[in-house]
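Shown below: protein31.tsv, with TSV, C-alpha atoms.
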```tsv
chain	number	residue	atom	x	y	z
A	15	MET	CA	43.97	150.40	104.32
A	16	ALA	CA	45.19	147.97	101.72
A	17	MET	CA	48.56	146.29	102.10
A	18	ASN	CA	50.74	145.19	99.22
A	19	TYR	CA	51.32	141.41	99.14
A	20	ASN	CA	54.48	139.84	97.72
A	21	ALA	CA	54.68	136.02	97.61
A	22	LYS	CA	58.49	136.17	97.78
A	23	ASP	CA	58.30	137.56	101.30
A	24	GLU	CA	56.05	134.78	102.61
A	25	VAL	CA	57.49	132.34	105.10
A	26	ASP	CA	57.47	128.73	103.80
A	27	GLY	CA	54.50	126.88	105.24
A	28	GLY	CA	53.08	129.92	107.13
A	29	PRO	CA	51.39	133.28	106.72
A	30	PRO	CA	53.32	136.35	105.60
A	31	CYS	CA	55.16	138.26	108.29
A	32	ALA	CA	53.58	141.28	109.89
A	33	PRO	CA	54.51	144.75	108.63
A	34	GLY	CA	57.65	146.02	110.27
A	35	GLY	CA	58.67	142.51	111.46
A	36	THR	CA	61.82	140.63	110.53
A	37	ALA	CA	61.27	138.36	107.56
A	38	LYS	CA	61.92	134.68	108.30
A	39	THR	CA	62.75	132.38	105.45
A	40	ARG	CA	64.22	128.95	104.90
A	41	ARG	CA	65.58	129.96	101.53
A	42	PRO	CA	69.35	129.16	101.28
A	43	ASP	CA	71.72	132.10	101.28
A	44	ASN	CA	72.58	133.61	97.95
A	45	THR	CA	76.09	132.20	97.84
A	46	ALA	CA	77.86	130.22	95.14
A	47	PHE	CA	78.17	127.18	97.39
A	48	LYS	CA	74.58	127.06	98.69
A	49	GLN	CA	73.08	127.97	95.31
A	50	GLN	CA	75.27	125.38	93.57
A	51	ARG	CA	76.98	127.84	91.28
A	52	LEU	CA	80.52	126.68	91.97
A	53	PRO	CA	82.62	125.89	88.92
A	54	ALA	CA	82.74	122.19	88.17
A	55	TRP	CA	84.77	119.86	85.98
A	56	GLN	CA	83.31	116.75	84.44
A	57	PRO	CA	85.49	114.47	82.34
A	58	ILE	CA	84.25	113.47	78.93
A	59	LEU	CA	85.02	109.79	78.56
A	60	THR	CA	86.13	109.01	75.04
A	61	ALA	CA	87.82	106.05	73.45
A	62	GLY	CA	91.01	108.07	73.17
A	63	THR	CA	91.15	108.64	76.95
A	64	VAL	CA	89.62	105.42	78.31
A	65	LEU	CA	91.50	102.84	76.24
A	66	PRO	CA	95.02	104.03	77.19
A	67	ILE	CA	94.02	103.99	80.88
A	68	PHE	CA	92.91	100.35	80.67
A	69	PHE	CA	96.12	99.33	78.90
A	70	ILE	CA	98.34	101.30	81.31
A	71	ILE	CA	96.67	99.70	84.34
A	72	GLY	CA	97.13	96.25	82.80
A	73	LEU	CA	100.78	96.85	81.88
A	74	ILE	CA	101.57	98.13	85.40
A	75	PHE	CA	99.56	95.72	87.54
A	76	ILE	CA	100.47	92.47	85.77
A	77	PRO	CA	104.29	92.79	86.21
A	78	ILE	CA	103.83	93.93	89.83
A	79	GLY	CA	101.54	90.97	90.54
A	80	ILE	CA	103.96	88.52	88.94
A	81	GLY	CA	106.82	89.92	91.02
A	82	ILE	CA	104.85	89.71	94.27
A	83	PHE	CA	103.58	86.21	93.45
A	84	VAL	CA	107.08	84.90	92.64
A	85	THR	CA	108.49	86.50	95.80
A	86	SER	CA	105.76	84.89	97.89
A	87	ASN	CA	106.42	81.48	96.35
A	88	ASN	CA	110.13	81.78	97.11
A	89	ILE	CA	109.38	81.96	100.83
A	90	ARG	CA	110.16	78.66	102.50
A	91	GLU	CA	107.31	77.32	104.61
A	92	ILE	CA	106.31	73.99	106.12
A	93	GLU	CA	103.19	73.09	108.11
A	94	ILE	CA	102.86	70.20	110.55
A	95	ASP	CA	99.32	69.28	111.60
A	96	TYR	CA	99.33	67.70	115.05
A	97	THR	CA	95.62	67.73	115.91
A	98	GLY	CA	95.73	63.96	116.39
A	99	THR	CA	92.23	63.09	115.23
A	100	GLU	CA	93.62	60.50	112.80
A	101	PRO	CA	94.22	57.09	114.45
A	102	SER	CA	97.69	56.90	112.88
A	103	SER	CA	98.79	60.24	114.33
A	104	PRO	CA	101.33	60.13	117.20
A	105	CYS	CA	99.18	62.70	119.03
A	106	ASN	CA	95.99	60.63	118.83
A	107	LYS	CA	96.60	59.32	122.35
A	108	CYS	CA	96.43	62.90	123.66
A	109	LEU	CA	92.73	63.24	122.78
A	110	SER	CA	91.85	61.19	125.84
A	111	PRO	CA	91.33	63.36	128.96
A	112	ASP	CA	92.84	60.60	131.09
A	113	VAL	CA	96.33	61.10	129.59
A	114	THR	CA	97.73	64.18	131.36
A	115	PRO	CA	100.24	65.50	130.77
A	116	CYS	CA	100.53	64.11	127.26
A	117	ILE	CA	103.69	64.39	125.16
A	118	CYS	CA	103.78	63.33	121.51
A	119	THR	CA	106.51	63.49	118.87
A	120	ILE	CA	106.14	64.08	115.14
A	121	ASN	CA	109.03	63.43	112.74
A	122	PHE	CA	109.42	65.40	109.53
A	123	THR	CA	112.07	66.22	106.94
A	124	LEU	CA	113.18	69.53	105.47
A	125	GLU	CA	114.01	68.97	101.80
A	126	LYS	CA	115.69	72.39	101.47
A	127	SER	CA	117.49	74.58	103.97
A	128	PHE	CA	115.83	77.59	105.59
A	129	GLU	CA	118.01	80.69	105.24
A	130	GLY	CA	117.75	83.83	107.34
A	131	ASN	CA	115.59	84.20	110.42
A	132	VAL	CA	112.89	81.55	110.75
A	133	PHE	CA	109.54	82.20	112.40
A	134	MET	CA	107.65	79.47	114.23
A	135	TYR	CA	103.87	79.90	114.39
A	136	TYR	CA	101.04	77.91	115.87
A	137	GLY	CA	97.90	77.80	113.78
A	138	LEU	CA	94.28	77.14	114.74
A	139	SER	CA	91.29	76.45	112.52
A	140	ASN	CA	87.55	76.79	113.16
A	141	PHE	CA	88.28	79.04	116.15
A	142	TYR	CA	86.14	82.19	115.98
A	143	GLN	CA	88.09	84.81	117.86
A	144	ASN	CA	86.09	87.45	115.99
A	145	HIS	CA	82.86	86.67	117.85
A	146	ARG	CA	81.48	89.92	119.29
A	147	ARG	CA	81.05	88.72	122.87
A	148	TYR	CA	84.42	87.00	122.81
A	149	VAL	CA	86.23	90.13	121.59
A	150	LYS	CA	84.60	92.28	124.30
A	151	SER	CA	85.36	89.80	127.09
A	152	ARG	CA	88.42	91.56	128.53
A	153	ASP	CA	89.34	94.45	130.80
A	154	ASP	CA	91.95	96.71	129.22
A	155	SER	CA	92.32	98.73	132.42
A	156	GLN	CA	93.20	95.57	134.31
A	157	LEU	CA	95.69	94.55	131.63
A	158	ASN	CA	97.27	98.00	131.85
A	159	GLY	CA	98.06	97.48	135.53
A	160	ASP	CA	95.23	99.45	137.12
A	161	SER	CA	95.05	98.32	140.76
A	162	SER	CA	91.33	99.02	141.14
A	163	ALA	CA	90.48	97.09	137.96
A	164	LEU	CA	92.68	94.23	139.14
A	165	LEU	CA	90.45	93.60	142.17
A	166	ASN	CA	87.21	94.73	140.53
A	167	PRO	CA	87.25	93.62	136.87
A	168	SER	CA	84.85	94.91	134.27
A	169	LYS	CA	81.45	93.25	133.90
A	170	GLU	CA	82.35	92.59	130.26
A	171	CYS	CA	84.47	89.69	131.57
A	172	GLU	CA	81.44	87.69	132.70
A	173	PRO	CA	81.25	84.73	133.20
A	174	TYR	CA	85.04	84.74	133.70
A	175	ARG	CA	85.08	87.71	136.07
A	176	ARG	CA	85.28	86.00	139.45
A	177	ASN	CA	86.01	82.48	140.66
A	178	GLU	CA	85.82	81.20	144.23
A	179	ASP	CA	84.77	84.71	145.28
A	180	LYS	CA	88.06	86.13	144.02
A	181	PRO	CA	88.61	88.36	140.98
A	182	ILE	CA	90.23	86.58	138.04
A	183	ALA	CA	93.45	88.05	136.68
A	184	PRO	CA	93.44	88.27	133.75
A	185	CYS	CA	89.68	88.14	133.39
A	186	GLY	CA	87.56	87.39	130.34
A	187	ALA	CA	87.02	84.66	127.77
A	188	ILE	CA	90.02	85.63	125.63
A	189	ALA	CA	92.51	85.13	128.45
A	190	ASN	CA	90.71	82.03	129.70
A	191	SER	CA	91.13	80.31	126.32
A	192	MET	CA	94.85	81.12	125.93
A	193	PHE	CA	96.84	78.66	123.82
A	194	ASN	CA	99.11	76.63	126.13
A	195	ASP	CA	100.71	73.86	124.07
A	196	THR	CA	104.51	73.66	124.36
A	197	LEU	CA	106.46	73.12	121.15
A	198	GLU	CA	110.12	72.06	120.98
A	199	LEU	CA	112.16	71.49	117.84
A	200	PHE	CA	115.08	69.08	117.47
A	201	LEU	CA	117.49	68.35	114.61
A	202	ILE	CA	118.48	64.73	114.14
A	203	GLY	CA	122.13	64.74	113.11
A	204	ASN	CA	124.08	62.15	111.18
A	205	ASP	CA	124.86	60.33	114.40
A	206	SER	CA	121.12	60.29	115.20
A	207	TYR	CA	121.78	62.37	118.30
A	208	PRO	CA	119.04	65.03	118.57
A	209	MET	CA	120.24	68.60	118.77
A	210	PRO	CA	117.74	71.12	120.23
A	211	ILE	CA	116.99	74.19	118.13
A	212	ALA	CA	117.18	77.43	120.11
A	213	LEU	CA	113.75	79.08	120.16
A	214	LYS	CA	113.64	82.74	121.16
A	215	LYS	CA	110.51	83.72	123.09
A	216	ARG	CA	111.22	87.45	123.35
A	217	GLY	CA	110.46	89.89	120.55
A	218	ILE	CA	107.34	88.14	119.25
A	219	ALA	CA	104.82	90.77	120.40
A	220	TRP	CA	104.14	94.23	119.02
A	221	TRP	CA	106.24	96.94	120.69
A	222	THR	CA	103.16	99.05	121.48
A	223	ASP	CA	101.45	96.09	123.14
A	224	LYS	CA	104.49	95.16	125.20
A	225	ASN	CA	105.35	98.68	126.36
A	226	VAL	CA	102.07	100.58	126.31
A	227	LYS	CA	98.92	98.42	126.47
A	228	PHE	CA	100.08	95.71	128.87
A	229	ARG	CA	101.63	96.41	132.28
A	230	ASN	CA	101.90	94.59	135.56
A	231	PRO	CA	100.27	96.11	138.66
A	232	PRO	CA	102.51	98.51	140.58
A	233	GLY	CA	104.31	97.31	143.67
A	234	GLY	CA	107.50	95.69	144.87
A	235	ASP	CA	109.79	93.20	143.19
A	236	ASN	CA	107.67	90.22	144.22
A	237	LEU	CA	105.21	89.77	141.37
A	238	GLU	CA	103.11	87.32	143.35
A	239	GLU	CA	102.45	90.01	145.97
A	240	ARG	CA	101.22	92.40	143.28
A	241	PHE	CA	98.55	89.88	142.26
A	242	LYS	CA	97.57	89.12	145.84
A	243	GLY	CA	93.82	88.69	146.26
A	244	THR	CA	93.28	87.41	142.71
A	245	THR	CA	92.96	83.94	141.24
A	246	LYS	CA	93.97	82.35	137.94
A	247	PRO	CA	91.59	81.89	134.99
A	248	VAL	CA	89.49	78.74	135.15
A	249	ASN	CA	91.26	76.89	132.32
A	250	TRP	CA	94.80	77.90	133.25
A	251	LEU	CA	97.20	75.44	134.81
A	252	LYS	CA	99.11	78.13	136.75
A	253	PRO	CA	98.56	81.76	137.74
A	254	VAL	CA	99.63	84.69	135.61
A	255	TYR	CA	102.66	85.50	137.77
A	256	MET	CA	104.13	82.06	137.01
A	257	LEU	CA	104.02	82.21	133.20
A	258	ASP	CA	107.81	82.65	132.94
A	259	SER	CA	110.88	82.70	135.12
A	260	ASP	CA	112.11	85.86	133.39
A	261	PRO	CA	110.76	88.87	135.32
A	262	ASP	CA	110.68	90.94	132.12
A	263	ASN	CA	108.48	88.34	130.45
A	264	ASN	CA	106.12	87.43	133.27
A	265	GLY	CA	102.63	88.42	134.33
A	266	PHE	CA	100.63	90.66	132.02
A	267	ILE	CA	103.77	91.46	129.98
A	268	ASN	CA	104.36	87.84	129.02
A	269	GLU	CA	104.70	87.93	125.24
A	270	ASP	CA	102.91	84.63	124.62
A	271	PHE	CA	99.95	86.07	126.51
A	272	ILE	CA	100.15	89.41	124.67
A	273	VAL	CA	100.22	87.69	121.27
A	274	TRP	CA	97.14	85.62	122.18
A	275	MET	CA	95.20	88.66	123.39
A	276	ARG	CA	95.44	90.29	119.94
A	277	THR	CA	92.38	88.56	118.49
A	278	ALA	CA	92.32	87.24	114.92
A	279	ALA	CA	89.82	88.43	112.31
A	280	LEU	CA	89.23	85.05	110.66
A	281	PRO	CA	88.44	81.58	112.06
A	282	THR	CA	91.62	80.12	110.55
A	283	PHE	CA	94.67	82.00	111.78
A	284	ARG	CA	98.26	81.71	112.93
A	285	LYS	CA	100.08	83.47	115.74
A	286	LEU	CA	103.80	83.91	116.23
A	287	TYR	CA	105.16	81.45	118.78
A	288	ARG	CA	108.96	81.61	118.62
A	289	LEU	CA	111.86	83.08	116.64
A	290	ILE	CA	114.80	81.08	115.31
A	291	GLU	CA	117.58	83.58	114.69
A	292	ARG	CA	120.33	83.04	112.16
A	293	LYS	CA	123.67	82.66	113.92
A	294	SER	CA	126.07	82.55	110.99
A	295	ASP	CA	126.02	83.77	107.40
A	296	LEU	CA	128.01	80.68	106.40
A	297	HIS	CA	125.45	78.18	107.64
A	298	PRO	CA	121.67	78.00	107.11
A	299	THR	CA	119.40	78.61	110.07
A	300	LEU	CA	117.67	75.26	109.58
A	301	PRO	CA	119.73	72.93	107.36
A	302	ALA	CA	118.03	70.31	105.25
A	303	GLY	CA	117.60	67.08	107.12
A	304	ARG	CA	115.48	65.17	109.59
A	305	TYR	CA	113.75	66.89	112.50
A	306	TYR	CA	111.22	66.05	115.13
A	307	LEU	CA	108.69	68.22	116.91
A	308	ASN	CA	108.17	67.53	120.59
A	309	ILE	CA	104.69	68.61	121.70
A	310	THR	CA	103.30	68.93	125.20
A	311	TYR	CA	99.64	68.54	124.27
A	312	ASN	CA	97.45	70.70	126.55
A	313	TYR	CA	95.07	72.57	124.24
A	314	PRO	CA	91.98	70.57	123.13
A	315	VAL	CA	90.40	71.56	119.83
A	316	HIS	CA	88.53	68.41	118.75
A	317	TYR	CA	85.49	69.45	120.82
A	318	PHE	CA	84.69	72.15	118.24
A	319	ASP	CA	86.15	70.32	115.19
A	320	GLY	CA	89.21	72.52	115.22
A	321	ARG	CA	92.69	71.82	113.89
A	322	LYS	CA	96.13	72.61	115.28
A	323	ARG	CA	99.34	73.00	113.33
A	324	MET	CA	102.91	74.22	113.66
A	325	ILE	CA	104.31	76.40	110.88
A	326	LEU	CA	107.95	77.19	110.10
A	327	SER	CA	108.37	80.09	107.70
A	328	THR	CA	110.94	82.54	106.40
A	329	ILE	CA	110.08	86.09	105.30
A	330	SER	CA	110.88	88.39	102.39
A	331	TRP	CA	110.78	92.15	101.82
A	332	MET	CA	106.97	91.91	101.67
A	333	GLY	CA	106.58	89.87	104.86
A	334	GLY	CA	105.36	86.29	105.16
A	335	LYS	CA	103.92	83.99	102.54
A	336	ASN	CA	100.79	85.56	101.04
A	337	PRO	CA	100.00	84.65	97.41
A	338	PHE	CA	96.65	86.48	97.48
A	339	LEU	CA	98.15	89.95	96.90
A	340	GLY	CA	100.03	88.85	93.80
A	341	ILE	CA	96.99	87.01	92.44
A	342	ALA	CA	94.83	90.09	93.04
A	343	TYR	CA	97.24	92.35	91.12
A	344	ILE	CA	97.44	89.87	88.22
A	345	ALA	CA	93.64	89.48	88.12
A	346	VAL	CA	92.95	93.23	88.12
A	347	GLY	CA	95.65	93.87	85.50
A	348	SER	CA	94.41	91.05	83.26
A	349	ILE	CA	90.77	92.18	83.47
A	350	SER	CA	91.76	95.77	82.72
A	351	PHE	CA	93.90	94.74	79.75
A	352	LEU	CA	91.13	92.46	78.42
A	353	LEU	CA	88.55	95.25	78.71
A	354	GLY	CA	90.92	97.52	76.83
A	355	VAL	CA	91.18	95.00	73.98
A	356	VAL	CA	87.40	94.48	73.85
A	357	LEU	CA	86.67	98.22	73.79
A	358	LEU	CA	89.35	98.75	71.17
A	359	VAL	CA	87.70	96.18	68.90
A	360	ILE	CA	84.25	97.72	69.48
A	361	ASN	CA	85.58	101.21	68.79
A	362	HIS	CA	87.29	100.09	65.62
A	363	LYS	CA	84.19	98.25	64.36
A	364	TYR	CA	81.43	100.72	65.20
A	365	ARG	CA	83.10	104.12	65.08
A	366	ASN	CA	81.45	106.79	62.98
A	367	SER	CA	83.11	106.97	59.63
A	368	SER	CA	82.36	110.68	59.46
A	369	ASN	CA	84.30	111.30	62.66
A	370	THR	CA	87.51	109.36	62.84
A	371	ALA	CA	88.34	110.98	66.16
A	372	ASP	CA	87.23	109.72	69.56
A	373	ILE	CA	83.79	108.31	70.25
A	374	THR	CA	82.13	109.36	73.48
A	375	ILE	CA	81.47	106.32	75.69
```
Structure rendered as structure tokens:
Amino acid sequence: MAMNYNAKDEVDGGPPCAPGGTAKTRRPDNTAFKQQRLPAWQPILTAGTVLPIFFIIGLIFIPIGIGIFVTSNNIREIEIDYTGTEPSSPCNKCLSPDVTPCICTINFTLEKSFEGNVFMYYGLSNFYQNHRRYVKSRDDSQLNGDSSALLNPSKECEPYRRNEDKPIAPCGAIANSMFNDTLELFLIGNDSYPMPIALKKRGIAWWTDKNVKFRNPPGGDNLEERFKGTTKPVNWLKPVYMLDSDPDNNGFINEDFIVWMRTAALPTFRKLYRLIERKSDLHPTLPAGRYYLNITYNYPVHYFDGRKRMILSTISWMGGKNPFLGIAYIAVGSISFLLGVVLLVINHKYRNSSNTADITI
């Protein structure tokens, strides 16, 4: 008995289904979405629509960029390089490993006063904190106060996981390479008697880091007992429970340590070291005059051709000094405005005389 054959009922790549069976097909459902019948809108780019957009972008971006650039330039900032690789540098003597501890002093002058709160940073160059193995070399559970991770750190911390058959706290290459120079600032008054500048060490870390990500191990009031059974990182001069005399700024919640553990994305970076708060609206925070920076030189960088510097900076409504954002706005606005002028000339020169309206681009 003959059977009617319909090619539409054939399964893709196989024989037709048997009579009475369920037809199998890979054909998409007959819906507007799967059959691509949804309504669509496609703009028609004409000279009358494109040219105003270019000019509007230029007229908006250029003033914004100029404002941001001027604001950035108004931020007071001074950098003091104290690497000491130059023979004339006061810190050159500190490059020798035989001089420990080494203290050097650098004199400088502020030509203009620093108003408002002043931020002191330390800056490092040619230091690749963004290296993949370096970034992974930490144990977040240990830093969060987990007792089991304290005594059994993650294998990601190798080769800074254990030392002298004791677990290292905090473990990993990031903690082991923590910046440990000490910076002190003094104002030289008219009578040449140095006056120390008060440097605030609290409030320099992110709130979420201080209160959520970093916690000391649970236990009694004696912080040393909480870290019992652990040892300090190889390059540290003292254990983690002796970083500060303030119990709210000691151990894993020490803010200098927290700031260092937030790794930088670029090889040249700066990290907040201290705050200099404004005490009176009638007097500048740092008046113009002579100063000197007292440095306890502990952190070697000349082995990898690095540089060290101290930065004093004020801030504005947009944050710290960053001319790139203003330059980027000005560049984009200028390019857009220039393209608008070029296209306007082309449109005026080559437009169809029979159609004085818009030309499709």
Exercise: region 58-75 of chain A partners within 10 Å, all atoms listed in the file, chain neighbours under 4 positions left out, as a compact mmCIF listing (two decimals) with C-alpha atoms, in the coordinates of the input:
```
# COMPACT_ATOMS: atom_id res chain seq x y z
CA GLY A 79 101.54 90.97 90.54
CA ILE A 80 103.96 88.52 88.94
CA GLY A 81 106.82 89.92 91.02
CA GLY A 340 100.03 88.85 93.80
CA ALA A 342 94.83 90.09 93.04
CA TYR A 343 97.24 92.35 91.12
CA ILE A 344 97.44 89.87 88.22
CA ALA A 345 93.64 89.48 88.12
CA VAL A 346 92.95 93.23 88.12
CA GLY A 347 95.65 93.87 85.50
CA SER A 348 94.41 91.05 83.26
CA ILE A 349 90.77 92.18 83.47
CA SER A 350 91.76 95.77 82.72
CA PHE A 351 93.90 94.74 79.75
CA LEU A 352 91.13 92.46 78.42
CA LEU A 353 88.55 95.25 78.71
CA GLY A 354 90.92 97.52 76.83
CA VAL A 355 91.18 95.00 73.98
CA VAL A 356 87.40 94.48 73.85
CA LEU A 357 86.67 98.22 73.79
CA LEU A 358 89.35 98.75 71.17
CA ILE A 360 84.25 97.72 69.48
CA ASN A 361 85.58 101.21 68.79
CA HIS A 362 87.29 100.09 65.62
CA ARG A 365 83.10 104.12 65.08
CA ALA A 371 88.34 110.98 66.16
CA ASP A 372 87.23 109.72 69.56
CA ILE A 373 83.79 108.31 70.25
CA THR A 374 82.13 109.36 73.48
CA ILE A 375 81.47 106.32 75.69
```
Once 3 Å is added on each side, what centre and edge lengths in Å to one decimal does the axis-aligned box around all listed atoms of region 302-321 of chain A have, as JSON?
```
{"center_x": 101.4, "center_y": 68.9, "center_z": 115.9, "size_x": 39.3, "size_y": 13.4, "size_z": 27.3}
```
Quick check, in Å to one decimal: how far apart do CA of Thr244 (chain A) and CA of Asn312 (chain A) lie?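 Separation of CA of Thr244 (chain A) and CA of Asn312 (chain A): 23.6 Å.
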From A:Phe241, A:Trp274, A:Tyr317, A:Phe200, residue lying nearest Gly137 (chain A) [all atoms listed in the file]: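 Selected residue with least distance to Gly137 (chain A): A:Trp274.
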For Trp221 (chain A), which residue among A:Leu296, A:Ile272, A:Glu125, A:Ser168 is the nearest when counting all atoms listed in the file? A:Ile272
